[in-house]
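With mmCIF, C-alpha atoms inside, this is run_25.cif:
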data_run
loop_
_atom_site.label_atom_id
_atom_site.label_comp_id
_atom_site.auth_asym_id
_atom_site.auth_seq_id
_atom_site.Cartn_x
_atom_site.Cartn_y
_atom_site.Cartn_z
CA MET R 1 0.00 0.00 0.00
CA ALA R 2 1.35 3.44 -0.88
CA HIS R 3 1.91 5.74 2.05
CA GLN R 4 2.53 9.46 2.26
CA THR R 5 4.71 9.80 5.35
CA PRO R 6 7.77 7.70 6.13
CA ILE R 7 6.84 4.63 8.11
CA SER R 8 8.22 4.77 11.62
CA ALA R 9 8.75 2.04 14.18
CA LEU R 10 9.54 2.18 17.86
CA GLY R 11 11.62 -0.69 19.23
CA LEU R 12 12.51 -2.01 22.65
CA LEU R 13 16.29 -1.79 22.79
CA SER R 14 18.17 -3.68 25.47
CA GLY R 15 21.51 -2.96 23.85
CA GLY R 16 22.09 -6.65 23.19
CA LEU R 17 22.73 -8.01 19.73
CA ASP R 18 19.18 -9.14 18.95
CA SER R 19 17.51 -5.79 19.45
CA MET R 20 20.25 -4.10 17.43
CA LEU R 21 19.76 -6.52 14.55
CA ALA R 22 15.99 -6.10 14.64
CA ALA R 23 16.40 -2.34 14.39
CA ARG R 24 18.86 -2.65 11.51
CA LEU R 25 16.59 -5.02 9.55
CA LEU R 26 13.88 -2.36 9.59
CA MET R 27 16.25 0.55 8.98
CA ASP R 28 17.58 -1.29 5.93
CA GLN R 29 14.00 -1.25 4.55
CA GLY R 30 13.93 2.53 4.81
CA ILE R 31 11.82 2.57 7.96
CA HIS R 32 12.48 5.37 10.44
CA VAL R 33 13.46 3.72 13.71
CA ALA R 34 13.71 5.01 17.26
CA CYS R 35 13.96 2.93 20.40
CA VAL R 36 13.07 2.92 24.05
CA ASN R 37 14.99 1.47 26.96
CA PHE R 38 13.36 1.00 30.34
CA HIS R 39 15.06 1.35 33.70
CA THR R 40 13.51 -1.09 36.19
CA GLY R 41 16.01 -0.73 39.03
CA PHE R 42 17.22 -4.29 38.45
CA CYS R 43 19.39 -3.70 35.40
CA ILE R 44 22.78 -5.30 35.85
CA GLN R 45 24.88 -3.22 33.52
CA GLY R 46 26.83 -0.38 35.04
CA HIS R 47 25.74 -1.00 38.57
CA THR R 48 28.27 -3.54 39.68
CA SER R 49 31.05 -1.69 37.93
CA ALA R 50 30.17 1.40 39.91
CA MET R 51 30.22 -0.51 43.18
CA ARG R 52 33.30 -2.69 42.96
CA ASN R 53 36.91 -1.87 42.25
CA PRO R 54 37.41 -2.34 38.49
CA GLU R 55 39.09 -5.55 37.43
CA PRO R 56 42.40 -5.19 35.57
CA ASN R 57 41.88 -4.72 31.82
CA ALA R 58 38.11 -4.42 32.28
CA LYS R 59 36.30 -2.42 29.61
CA PRO R 60 35.09 0.95 30.86
CA PRO R 61 31.51 0.66 32.12
CA ARG R 62 28.80 1.86 29.78
CA HIS R 63 25.09 1.67 29.18
CA ASP R 64 24.67 -0.86 26.39
CA ALA R 65 21.42 0.48 24.94
CA LEU R 66 22.81 3.99 24.75
CA HIS R 67 25.84 2.80 22.87
CA ALA R 68 23.78 0.56 20.62
CA ALA R 69 21.63 3.57 19.72
CA GLN R 70 24.73 5.61 19.02
CA LEU R 71 26.12 2.86 16.82
CA LEU R 72 22.83 2.58 14.94
CA GLY R 73 22.48 6.36 14.70
CA ILE R 74 18.99 6.41 16.18
CA LYS R 75 17.16 8.25 18.93
CA LEU R 76 16.85 6.41 22.24
CA HIS R 77 14.17 7.24 24.78
CA MET R 78 15.35 6.24 28.25
CA VAL R 79 12.40 5.81 30.56
CA ASP R 80 12.44 5.19 34.30
CA ILE R 81 9.66 2.70 35.18
CA ALA R 82 11.15 1.58 38.49
CA GLU R 83 8.28 2.84 40.61
CA ASP R 84 5.53 1.16 38.58
CA TYR R 85 7.68 -1.93 38.26
CA VAL R 86 7.36 -2.79 41.96
CA ARG R 87 3.98 -4.45 41.45
CA ILE R 88 5.37 -6.54 38.57
CA VAL R 89 8.07 -7.94 40.85
CA THR R 90 5.98 -8.35 43.97
CA ASP R 91 2.85 -9.80 42.39
CA PRO R 92 3.43 -11.20 38.91
CA LYS R 93 0.27 -12.62 37.37
CA HIS R 94 2.23 -15.21 35.43
CA GLY R 95 4.58 -16.15 38.25
CA TYR R 96 8.35 -16.25 38.40
CA GLY R 97 11.02 -18.01 36.37
CA SER R 98 13.72 -20.05 38.06
CA ASN R 99 14.48 -17.16 40.43
CA LEU R 100 12.46 -14.01 41.20
CA ASN R 101 12.36 -13.08 37.52
CA PRO R 102 8.82 -12.27 36.39
CA CYS R 103 9.87 -12.38 32.72
CA LEU R 104 6.44 -12.74 31.14
CA ASP R 105 4.79 -10.01 33.20
CA CYS R 106 7.84 -7.85 32.67
CA LYS R 107 7.67 -8.19 28.89
CA ILE R 108 3.93 -7.50 28.81
CA PHE R 109 4.43 -4.43 31.01
CA MET R 110 7.24 -3.09 28.86
CA VAL R 111 5.35 -3.65 25.62
CA ARG R 112 2.36 -1.83 27.08
CA LYS R 113 4.57 1.08 28.18
CA ALA R 114 6.29 1.15 24.79
CA TRP R 115 2.91 1.25 23.06
CA GLN R 116 1.94 4.32 25.11
CA LEU R 117 5.16 6.01 24.01
CA LYS R 118 4.61 4.96 20.39
CA GLU R 119 1.17 6.56 20.48
CA ALA R 120 2.56 9.75 22.01
CA LEU R 121 5.29 9.95 19.38
CA GLY R 122 2.93 9.10 16.51
CA PHE R 123 4.93 6.11 15.31
CA HIS R 124 3.31 3.39 13.20
CA PHE R 125 4.16 0.16 15.01
CA LEU R 126 6.31 -1.53 17.65
CA PHE R 127 9.11 -4.04 17.30
CA THR R 128 11.34 -6.15 19.52
CA GLY R 129 14.43 -8.30 19.01
CA GLU R 130 12.72 -11.41 20.37
CA VAL R 131 13.58 -14.80 18.87
CA ILE R 132 11.28 -17.80 19.27
CA GLY R 133 12.62 -20.21 21.85
CA GLN R 134 15.63 -18.17 22.82
CA ARG R 135 14.58 -17.60 26.40
CA PRO R 136 12.70 -20.15 28.45
CA MET R 137 9.83 -17.95 29.64
CA SER R 138 9.11 -14.79 27.67
CA GLN R 139 10.24 -16.10 24.28
CA ARG R 140 8.47 -19.46 24.16
CA ARG R 141 6.48 -19.82 20.96
CA GLU R 142 3.15 -20.05 22.79
CA ASN R 143 3.94 -16.99 24.89
CA LEU R 144 4.72 -14.59 22.06
CA PRO R 145 1.09 -14.13 20.91
CA HIS R 146 -0.02 -14.00 24.55
CA ILE R 147 2.34 -11.08 25.22
CA GLU R 148 0.76 -9.11 22.38
CA ARG R 149 -2.79 -9.86 23.48
CA ALA R 150 -2.14 -9.13 27.14
CA ALA R 151 -0.41 -5.85 26.27
CA GLY R 152 -3.27 -4.87 23.95
CA VAL R 153 -1.10 -4.57 20.84
CA GLU R 154 -2.17 -7.66 18.90
CA GLY R 155 -0.98 -7.50 15.30
CA TRP R 156 1.11 -4.38 15.89
CA LEU R 157 4.21 -5.89 17.46
CA LEU R 158 6.70 -7.01 14.82
CA ARG R 159 9.56 -9.36 15.66
CA PRO R 160 11.87 -8.95 12.69
CA LEU R 161 14.31 -11.71 13.70
CA CYS R 162 11.69 -14.47 13.76
CA ALA R 163 8.80 -12.91 11.81
CA GLN R 164 8.89 -15.55 9.08
CA ARG R 165 7.91 -18.15 11.65
CA LEU R 166 5.01 -16.11 12.99
CA LYS R 167 1.65 -14.91 11.67
CA SER R 168 1.88 -11.79 9.52
CA THR R 169 1.48 -8.60 11.49
CA GLU R 170 -0.48 -5.55 10.37
CA PRO R 171 2.64 -3.65 9.21
CA GLU R 172 3.44 -6.60 6.93
CA LYS R 173 -0.15 -6.92 5.65
CA LEU R 174 -0.25 -3.19 4.91
CA GLY R 175 2.95 -3.44 2.90
CA TRP R 176 4.90 -1.18 5.25
CA VAL R 177 7.38 -3.95 5.90
CA ASP R 178 8.64 -6.51 3.38
CA ARG R 179 8.25 -9.86 5.13
CA LYS R 180 10.72 -11.49 2.74
CA GLN R 181 13.50 -9.32 4.14
CA LEU R 182 12.79 -10.39 7.71
CA LYS R 183 14.24 -13.50 9.34
CA GLY R 184 13.04 -16.83 10.69
CA PHE R 185 15.51 -17.33 13.52
CA HIS R 186 14.59 -19.64 16.38
CA GLY R 187 16.18 -21.43 19.32
CA ARG R 188 18.94 -20.65 21.73
CA GLY R 189 21.80 -20.74 19.21
CA ARG R 190 23.49 -17.49 18.33
CA ARG R 191 25.28 -18.36 15.11
CA ALA R 192 22.67 -16.89 12.73
CA GLN R 193 22.59 -13.62 14.66
CA MET R 194 26.36 -13.38 14.74
CA GLU R 195 26.57 -14.00 11.00
CA LEU R 196 23.96 -11.34 10.35
CA ALA R 197 25.85 -8.92 12.58
CA GLN R 198 28.98 -9.61 10.57
CA GLN R 199 27.13 -8.94 7.30
CA MET R 200 25.77 -5.70 8.71
CA GLY R 201 29.14 -4.60 10.02
CA LEU R 202 27.90 -4.56 13.61
CA LEU R 203 30.98 -5.61 15.48
CA ASP R 204 30.71 -3.87 18.84
CA TYR R 205 27.99 -5.55 20.85
CA PRO R 206 27.88 -6.99 24.38
CA SER R 207 28.52 -10.65 25.06
CA PRO R 208 25.36 -12.62 24.29
CA ALA R 209 25.85 -14.74 27.39
CA GLY R 210 25.48 -11.83 29.78
CA GLY R 211 22.21 -11.55 31.67
CA CYS R 212 20.66 -8.12 31.97
CA CYS R 213 18.49 -8.40 35.08
CA PHE R 214 19.47 -9.06 38.68
CA LEU R 215 16.19 -10.91 39.22
CA THR R 216 17.48 -13.81 37.12
CA ASP R 217 20.40 -14.17 39.53
CA ALA R 218 19.97 -16.82 42.24
CA ASN R 219 22.08 -15.02 44.86
CA TYR R 220 20.30 -11.73 44.33
CA SER R 221 16.88 -13.38 44.42
CA ARG R 222 17.75 -15.12 47.67
CA LYS R 223 18.60 -11.76 49.25
CA LEU R 224 15.38 -10.19 48.00
CA GLN R 225 13.39 -13.14 49.32
CA ASP R 226 15.13 -12.74 52.69
CA LEU R 227 14.25 -9.03 52.72
CA TRP R 228 10.58 -9.77 52.11
CA HIS R 229 10.57 -12.56 54.67
CA SER R 230 12.17 -10.39 57.36
CA ARG R 231 9.68 -7.57 56.78
CA GLY R 232 6.65 -9.80 56.47
CA GLU R 233 5.61 -8.16 53.19
CA ARG R 234 6.65 -8.24 49.56
CA GLN R 235 7.67 -4.62 49.12
CA TYR R 236 10.92 -2.81 48.47
CA THR R 237 12.37 0.66 48.02
CA MET R 238 14.99 1.73 45.50
CA ASP R 239 17.57 1.85 48.31
CA ASP R 240 16.69 -1.72 49.26
CA ILE R 241 17.28 -3.12 45.81
CA LEU R 242 20.49 -1.16 45.35
CA LEU R 243 21.86 -2.43 48.64
CA LEU R 244 21.08 -6.02 47.68
CA LYS R 245 23.57 -5.60 44.84
CA ALA R 246 26.48 -4.64 47.08
CA GLY R 247 28.49 -6.33 49.80
CA ARG R 248 28.34 -9.57 51.70
CA HIS R 249 24.99 -10.00 53.50
CA LEU R 250 24.61 -11.83 56.81
CA ARG R 251 21.54 -12.17 58.97
CA PRO R 252 22.50 -13.13 62.54
CA ALA R 253 18.88 -12.79 63.72
CA PRO R 254 15.48 -12.25 62.09
CA HIS R 255 15.27 -8.61 63.23
CA PHE R 256 18.56 -7.33 61.82
CA LYS R 257 21.12 -8.00 59.14
CA VAL R 258 24.56 -6.67 58.28
CA ILE R 259 26.12 -5.76 54.95
CA VAL R 260 29.90 -5.87 54.71
CA GLY R 261 31.84 -3.99 52.03
CA ARG R 262 34.26 -6.12 50.03
CA ASP R 263 36.57 -3.42 48.69
CA GLU R 264 37.16 0.31 48.92
CA THR R 265 34.66 1.24 46.22
CA GLU R 266 31.98 -0.86 47.85
CA ASN R 267 32.80 0.67 51.26
CA ASN R 268 32.27 4.14 49.77
CA PHE R 269 29.05 2.98 48.16
CA LEU R 270 27.68 1.52 51.41
CA SER R 271 28.62 4.66 53.32
CA GLY R 272 26.14 6.57 51.19
CA PHE R 273 23.29 4.51 52.72
CA ARG R 274 23.95 5.29 56.39
CA ALA R 275 20.67 7.16 56.87
CA GLN R 276 18.23 5.02 58.89
CA ARG R 277 21.02 2.48 59.45
CA TRP R 278 24.12 1.99 61.62
CA LEU R 279 27.51 2.44 59.97
CA LEU R 280 30.37 0.56 61.60
CA GLN R 281 34.10 0.72 60.85
CA ALA R 282 37.26 -0.17 62.73
CA GLU R 283 39.29 2.74 64.10
CA GLY R 284 42.89 2.94 62.95
CA ILE R 285 42.94 -0.50 61.31
CA PRO R 286 42.10 -1.18 57.67
CA GLY R 287 38.84 -3.01 57.30
CA PRO R 288 35.41 -2.95 55.76
CA VAL R 289 32.48 -0.68 56.26
CA MET R 290 29.52 -2.49 57.75
CA LEU R 291 25.91 -1.38 57.55
CA VAL R 292 23.45 -2.68 60.11
CA GLU R 293 19.83 -2.71 59.04
CA GLY R 294 16.71 -3.51 61.04
CA THR R 295 16.02 -3.10 64.75
CA PRO R 296 19.20 -4.26 66.50
CA SER R 297 19.45 -4.20 70.29
CA ASP R 298 22.57 -2.94 72.03
CA SER R 299 23.94 -6.47 72.30
CA ASP R 300 23.16 -7.01 68.60
CA LEU R 301 25.28 -3.95 67.84
CA THR R 302 28.11 -5.41 69.90
CA LEU R 303 27.84 -8.58 67.83
CA ALA R 304 27.91 -6.46 64.63
CA CYS R 305 31.02 -4.67 65.94
CA ARG R 306 32.69 -8.02 66.57
CA LEU R 307 31.81 -9.07 63.02
CA THR R 308 33.23 -5.82 61.66
CA ALA R 309 36.45 -6.55 63.53
CA ARG R 310 36.42 -10.11 62.20
CA PHE R 311 36.30 -8.98 58.55
CA GLY R 312 39.09 -6.39 59.00
CA GLN R 313 42.83 -6.65 59.41
CA GLY R 314 42.51 -6.58 63.19
CA ARG R 315 40.88 -10.02 63.22
CA HIS R 316 43.76 -11.53 65.21
CA SER R 317 44.02 -8.68 67.72
CA PRO R 318 42.57 -9.22 71.20
CA GLN R 319 40.57 -5.96 70.99
CA VAL R 320 39.51 -3.67 68.13
CA THR R 321 37.85 -0.29 68.48
CA ILE R 322 34.81 0.14 66.27
CA ARG R 323 33.24 3.49 65.43
CA ILE R 324 29.45 3.34 65.31
CA ALA R 325 27.65 6.13 63.45
CA HIS R 326 23.88 6.43 63.64
CA GLN R 327 21.56 9.38 63.07
CA GLY R 328 24.36 11.93 63.29
CA GLN R 329 25.77 10.50 66.53
CA GLU R 330 29.02 8.60 66.84
CA ALA R 331 30.29 6.22 69.53
CA LEU R 332 33.31 3.99 70.00
CA ARG R 333 33.08 0.43 71.23
CA GLN R 334 35.95 -1.93 72.05
CA VAL R 335 35.29 -5.52 71.12
CA ALA R 336 37.04 -8.81 70.58
CA PRO R 337 36.82 -9.94 66.93
CA LEU R 338 34.33 -12.76 66.49
CA PRO R 339 36.17 -16.04 65.87
CA ALA R 340 35.46 -17.57 62.45
CA GLU R 341 33.96 -20.69 64.06
CA GLU R 342 31.30 -18.54 65.73
CA ILE R 343 29.92 -17.36 62.39
CA PRO R 344 27.46 -20.04 61.26
CA GLU R 345 27.03 -20.64 57.54
CA SER R 346 23.31 -20.06 58.03
CA TRP R 347 23.97 -16.35 58.66
CA TYR R 348 25.13 -15.86 55.09
CA ILE R 349 22.25 -14.85 52.85
CA MET J 1 33.18 16.25 23.05
CA THR J 2 35.14 19.41 22.28
CA GLU J 3 38.73 19.83 23.41
CA THR J 4 39.15 20.32 27.12
CA ALA J 5 38.59 23.98 27.87
CA PRO J 6 41.36 25.71 29.85
CA HIS J 7 38.69 27.15 32.15
CA PRO J 8 35.48 25.41 33.17
CA PRO J 9 32.43 26.64 31.25
CA GLU J 10 30.07 28.86 33.17
CA SER J 11 26.90 26.97 33.90
CA ASP J 12 23.35 28.24 34.32
CA HIS J 13 22.28 25.29 36.45
CA THR J 14 23.94 22.46 38.37
CA LEU J 15 22.73 18.89 38.76
CA ASP J 16 24.13 16.82 41.60
CA ALA J 17 23.94 13.23 40.36
CA ARG J 18 26.56 11.86 42.74
CA ARG J 19 25.81 8.47 44.33
CA LEU J 20 23.35 7.70 41.56
CA LEU J 21 24.09 4.61 39.52
CA CYS J 22 23.84 4.08 35.79
CA PRO J 23 21.54 5.03 34.09
CA MET J 24 20.16 7.47 36.67
CA PRO J 25 22.74 10.25 36.06
CA ILE J 26 21.66 10.28 32.41
CA LEU J 27 17.95 10.16 33.24
CA ARG J 28 18.36 13.01 35.73
CA THR J 29 20.37 15.00 33.19
CA GLU J 30 17.54 14.62 30.70
CA GLN J 31 14.99 15.76 33.30
CA ALA J 32 17.13 18.72 34.30
CA LEU J 33 17.67 19.88 30.72
CA ARG J 34 14.03 19.53 29.67
CA PRO J 35 12.75 22.86 31.06
CA LEU J 36 15.87 24.81 30.07
CA PRO J 37 16.03 26.94 26.92
CA THR J 38 18.20 26.00 23.96
CA GLY J 39 21.79 27.04 24.59
CA ALA J 40 21.54 26.79 28.38
CA ILE J 41 24.49 25.14 30.10
CA LEU J 42 24.00 22.48 32.75
CA ALA J 43 26.83 21.38 35.02
CA ILE J 44 26.58 17.77 36.16
CA LEU J 45 28.35 16.23 39.14
CA ALA J 46 28.53 12.43 39.03
CA SER J 47 30.25 9.55 40.78
CA ASP J 48 29.22 6.70 38.48
CA PRO J 49 32.19 5.85 36.25
CA GLY J 50 29.77 5.08 33.40
CA ILE J 51 29.37 8.84 32.95
CA GLU J 52 32.63 8.94 30.96
CA GLN J 53 31.19 6.74 28.23
CA ASP J 54 27.50 7.43 28.55
CA LEU J 55 27.27 11.20 28.64
CA PRO J 56 29.15 11.74 25.35
CA ALA J 57 26.97 9.07 23.67
CA TRP J 58 23.76 10.51 25.08
CA CYS J 59 24.67 14.05 24.01
CA ARG J 60 25.53 12.89 20.50
CA ILE J 61 22.24 11.06 19.88
CA ASN J 62 20.17 13.83 21.41
CA GLY J 63 21.83 16.79 19.74
CA HIS J 64 23.30 18.37 22.85
CA THR J 65 26.91 19.58 23.14
CA LEU J 66 29.21 18.17 25.76
CA LEU J 67 31.42 21.15 26.48
CA ASP J 68 33.71 19.36 28.88
CA LEU J 69 33.92 16.29 31.09
CA ARG J 70 36.70 15.91 33.61
CA PRO J 71 37.50 13.80 36.67
CA GLN J 72 37.64 15.68 39.94
CA GLY J 73 39.35 13.03 42.08
CA ARG J 74 37.68 11.01 44.84
CA GLY J 75 35.86 9.01 42.17
CA GLU J 76 33.84 11.99 40.98
CA TRP J 77 33.40 13.75 37.64
CA ILE J 78 32.08 17.09 36.49
CA ALA J 79 30.60 17.73 33.05
CA TRP J 80 29.03 20.66 31.24
CA VAL J 81 26.30 20.09 28.68
CA GLN J 82 24.84 22.77 26.44
CA LYS J 83 21.27 22.11 25.44
CA GLY J 84 20.72 21.63 21.70
CA GLU J 85 17.73 22.46 19.52
#
Taking this structure as input, can you express it in the form of structure tokens?
Amino acid sequence: MAHQTPISALGLLSGGLDSMLAARLLMDQGIHVACVNFHTGFCIQGHTSAMRNPEPNAKPPRHDALHAAQLLGIKLHMVDIAEDYVRIVTDPKHGYGSNLNPCLDCKIFMVRKAWQLKEALGFHFLFTGEVIGQRPMSQRRENLPHIERAAGVEGWLLRPLCAQRLKSTEPEKLGWVDRKQLKGFHGRGRRAQMELAQQMGLLDYPSPAGGCCFLTDANYSRKLQDLWHSRGERQYTMDDILLLKAGRHLRPAPHFKVIVGRDETENNFLSGFRAQRWLLQAEGIPGPVMLVEGTPSDSDLTLACRLTARFGQGRHSPQVTIRIAHQGQEALRQVAPLPAEEIPESWYI
Amino acid sequence: MTETAPHPPESDHTLDARRLLCPMPILRTEQALRPLPTGAILAILASDPGIEQDLPAWCRINGHTLLDLRPQGRGEWIAWVQKGE
């Protein structure tokens, strides 16, 4: 069908290879492409690099979607959905994956949000870089049409990388997109995508093996589960989910836990969260910063001080002085470092 | 990014994005620039190391000019962005 204005498509861009390829397949058909990237609060990239000392020869940290957009030469809308996202994580209609990852609800939510932006921008249709069967939950063949229906965009969500294996969408039926130039990729293999990237000259993309969401991580999910259990409700704040990403977490008792910095960068990071918490650090001896969270008693704080001493370089000294900062007040407490054998494995979250 | 200016640009507004993690410094920069007129200069303080890669990329794809970006020590950076059309 002839059309007067250039056809435009809005894509969900994670910054991974698939979403880049999907965008390029449409751009190569002369379609005007822009993308959106959502910030949920659980995105892995950048965060850990900002919290830990950089590893030798590590690439400088960067936001993958931003750099993918730059490489593609397209506009990227970065949208913070973290606040609305809480209900997706705490009460997913379709349940969780192997950890606390609500992948199906997450995808439906993002597609719905992207559709609202598409409408506001006056674009013609939506697209994603999804590939049938590539991910166990949100990209199962039977789930793809469900995502569209549940998000209220049936027929208007194009998946260029696997379109030839799916029903024709409205943009294809209307002749806006040439179906023959789309792909029929499927499965978990990456070879076809990597070959296409090579053909397109896309050489700078993140490792396909890297996950992008902390909720798919077993250790992180265990800490979030512990947080909910200790509070008796499935809620969280942005500070909560940031703190779950940093440090070593131990829960000596149900009513309080401690977070121990593992290097200088992490110590600095934890120090920024002292409000509403207790900040402990050894005086005059190198050692970690410890945050205490919950409702510790005075004897609990002594135990936390002994743990702080244990994780520092004064662990073999008979006594270590610990500075306790809380609500603008500071106090010193002399303690004996807790012997390793008095730290049960069960404390580690 | 243009060559490093011998003197810091004079800014009209300052955004303190220290202690925010990627991508929040960029999202806050976008929010802070939105109400400003074209040509206005925003100074941005940040402690996320991603700022070194992300701010130049974000400025380029959004038509803003990164006047300067420099480390300030103590794991912090300062940048000046001039709002584009």
Counting only C-alpha atoms, which residues of chain J fall within 6 Å of chain R, and what is the closest atom pair for each with its distance in Å at one decimal, ordered by chain and rising number, as CSV?
residue,atom,partner,partner_atom,distance
J:Leu21,CA,R:His47,CA,5.9
J:Cys22,CA,R:Gly46,CA,5.4
J:Asp48,CA,R:Ala50,CA,5.6
J:Gly50,CA,R:Pro61,CA,4.9
J:Gln53,CA,R:Arg62,CA,5.7
J:Asp54,CA,R:Arg62,CA,5.9
J:Ile61,CA,R:Lys75,CA,5.9
Can you tell me how far atom CA of R:Ser98 sits from atom CA of R:Ser221, in Å to one decimal? 9.7 Å
Do you know which residues are at most 9 Å from J:Glu76 counting all atoms listed in the file, after dropping those on the same chain fewer than 6 positions away, and could you put them as a ChimeraX atom specification? /J:18,45-49,70
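Atom pair atom CA of J:Pro23 / atom CA of J:Gly84 has a distance of 20.7 Å (rounded to one decimal).
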Which is closer to J:Thr14 than all the others in J:Glu30, J:Trp80, J:Gln72, J:Pro37, using all atoms listed in the file? J:Trp80
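Taking atom CA of J:Leu33 as the reference point, atom CA of J:Asn62 is found at 11.4 Å.
Every polymer residue reaching to within 9 Å of (22.1, 0.4, 58.7), counting all atoms listed in the file, appears in this list: R:Lys257, R:Val258, R:Ile259, R:Phe273, R:Arg274, R:Ala275, R:Gln276, R:Arg277, R:Trp278, R:Leu279, R:Leu280, R:Met290, R:Leu291, R:Val292, R:Glu293, R:Gly294, R:His326.
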Kindly resolve the PyMOL selection byres ((chain R and resi 233-241) around 9) on the present coordinates and return the residues as a list in words. Gly41, Phe42, Ala82, Glu83, Val86, Arg87, Val89, Thr90, Asp91, Leu224, Gln225, Leu227, Trp228, His229, Ser230, Arg231, Gly232, Leu242, Leu243, Leu244, Lys245 and Phe273 of chain R
Selection from above, C-alpha atoms, as a PDB file, in the coordinates of the input, can you write it?
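Generated output (out_24.pdb):
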ATOM      1  CA  GLY R  41      16.010  -0.730  39.030  1.00  0.00           C
ATOM      2  CA  PHE R  42      17.220  -4.290  38.450  1.00  0.00           C
ATOM      3  CA  ALA R  82      11.150   1.580  38.490  1.00  0.00           C
ATOM      4  CA  GLU R  83       8.280   2.840  40.610  1.00  0.00           C
ATOM      5  CA  VAL R  86       7.360  -2.790  41.960  1.00  0.00           C
ATOM      6  CA  ARG R  87       3.980  -4.450  41.450  1.00  0.00           C
ATOM      7  CA  VAL R  89       8.070  -7.940  40.850  1.00  0.00           C
ATOM      8  CA  THR R  90       5.980  -8.350  43.970  1.00  0.00           C
ATOM      9  CA  ASP R  91       2.850  -9.800  42.390  1.00  0.00           C
ATOM     10  CA  LEU R 224      15.380 -10.190  48.000  1.00  0.00           C
ATOM     11  CA  GLN R 225      13.390 -13.140  49.320  1.00  0.00           C
ATOM     12  CA  LEU R 227      14.250  -9.030  52.720  1.00  0.00           C
ATOM     13  CA  TRP R 228      10.580  -9.770  52.110  1.00  0.00           C
ATOM     14  CA  HIS R 229      10.570 -12.560  54.670  1.00  0.00           C
ATOM     15  CA  SER R 230      12.170 -10.390  57.360  1.00  0.00           C
ATOM     16  CA  ARG R 231       9.680  -7.570  56.780  1.00  0.00           C
ATOM     17  CA  GLY R 232       6.650  -9.800  56.470  1.00  0.00           C
ATOM     18  CA  LEU R 242      20.490  -1.160  45.350  1.00  0.00           C
ATOM     19  CA  LEU R 243      21.860  -2.430  48.640  1.00  0.00           C
ATOM     20  CA  LEU R 244      21.080  -6.020  47.680  1.00  0.00           C
ATOM     21  CA  LYS R 245      23.570  -5.600  44.840  1.00  0.00           C
ATOM     22  CA  PHE R 273      23.290   4.510  52.720  1.00  0.00           C
TER      23      PHE R 273
END
Contacts of R:Gln164 at 7 Å or less, counting all atoms listed in the file, minus same-chain residues fewer than 3 places along, as a ChimeraX atom specification? /R:179,182-184
Can you list what the PyMOL selection byres ((chain R and resi 13) around 9) grabs from this structure, as number ranges by chain? R: 11-12, 14-16, 18-20, 23, 35-38, 65-66, 68-69, 76, 128-129
Please write as JSON, numbers by chain the full residue list that the PyMOL selection byres ((chain R and resi 185) around 12) yields on this file. {"R": [18, 21, 22, 129, 130, 131, 132, 133, 134, 141, 159, 160, 161, 162, 163, 164, 165, 166, 182, 183, 184, 186, 187, 188, 189, 190, 191, 192, 193, 194, 195, 196]}
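Proximity ranking of J:His7, J:Arg19, J:Arg74, J:His64 relative to J:Thr38 places J:His64 first, based on all atoms listed in the file.
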Keeping N, CA and C atoms, write stretch 45-54 of chain J of the structure just shown out as a compact mmCIF listing (two decimals), in the first residue's frame.
# COMPACT_ATOMS: atom_id res chain seq x y z
N LEU J 45 27.39 16.91 38.27
CA LEU J 45 28.35 16.23 39.14
C LEU J 45 27.94 14.77 39.21
N ALA J 46 28.87 13.85 39.03
CA ALA J 46 28.53 12.43 39.03
C ALA J 46 29.63 11.61 39.68
N SER J 47 29.25 10.46 40.22
CA SER J 47 30.25 9.55 40.78
C SER J 47 30.20 8.18 40.12
N ASP J 48 29.29 7.98 39.20
CA ASP J 48 29.22 6.70 38.48
C ASP J 48 30.23 6.75 37.32
N PRO J 49 31.16 5.79 37.29
CA PRO J 49 32.19 5.85 36.25
C PRO J 49 31.63 5.72 34.84
N GLY J 50 30.39 5.20 34.72
CA GLY J 50 29.77 5.08 33.40
C GLY J 50 29.57 6.43 32.72
N ILE J 51 29.62 7.50 33.50
CA ILE J 51 29.37 8.84 32.95
C ILE J 51 30.38 9.15 31.83
N GLU J 52 31.59 8.62 31.95
CA GLU J 52 32.63 8.94 30.96
C GLU J 52 32.28 8.43 29.57
N GLN J 53 31.59 7.30 29.52
CA GLN J 53 31.19 6.74 28.23
C GLN J 53 29.78 7.18 27.84
N ASP J 54 28.92 7.26 28.85
CA ASP J 54 27.50 7.43 28.55
C ASP J 54 27.11 8.86 28.21
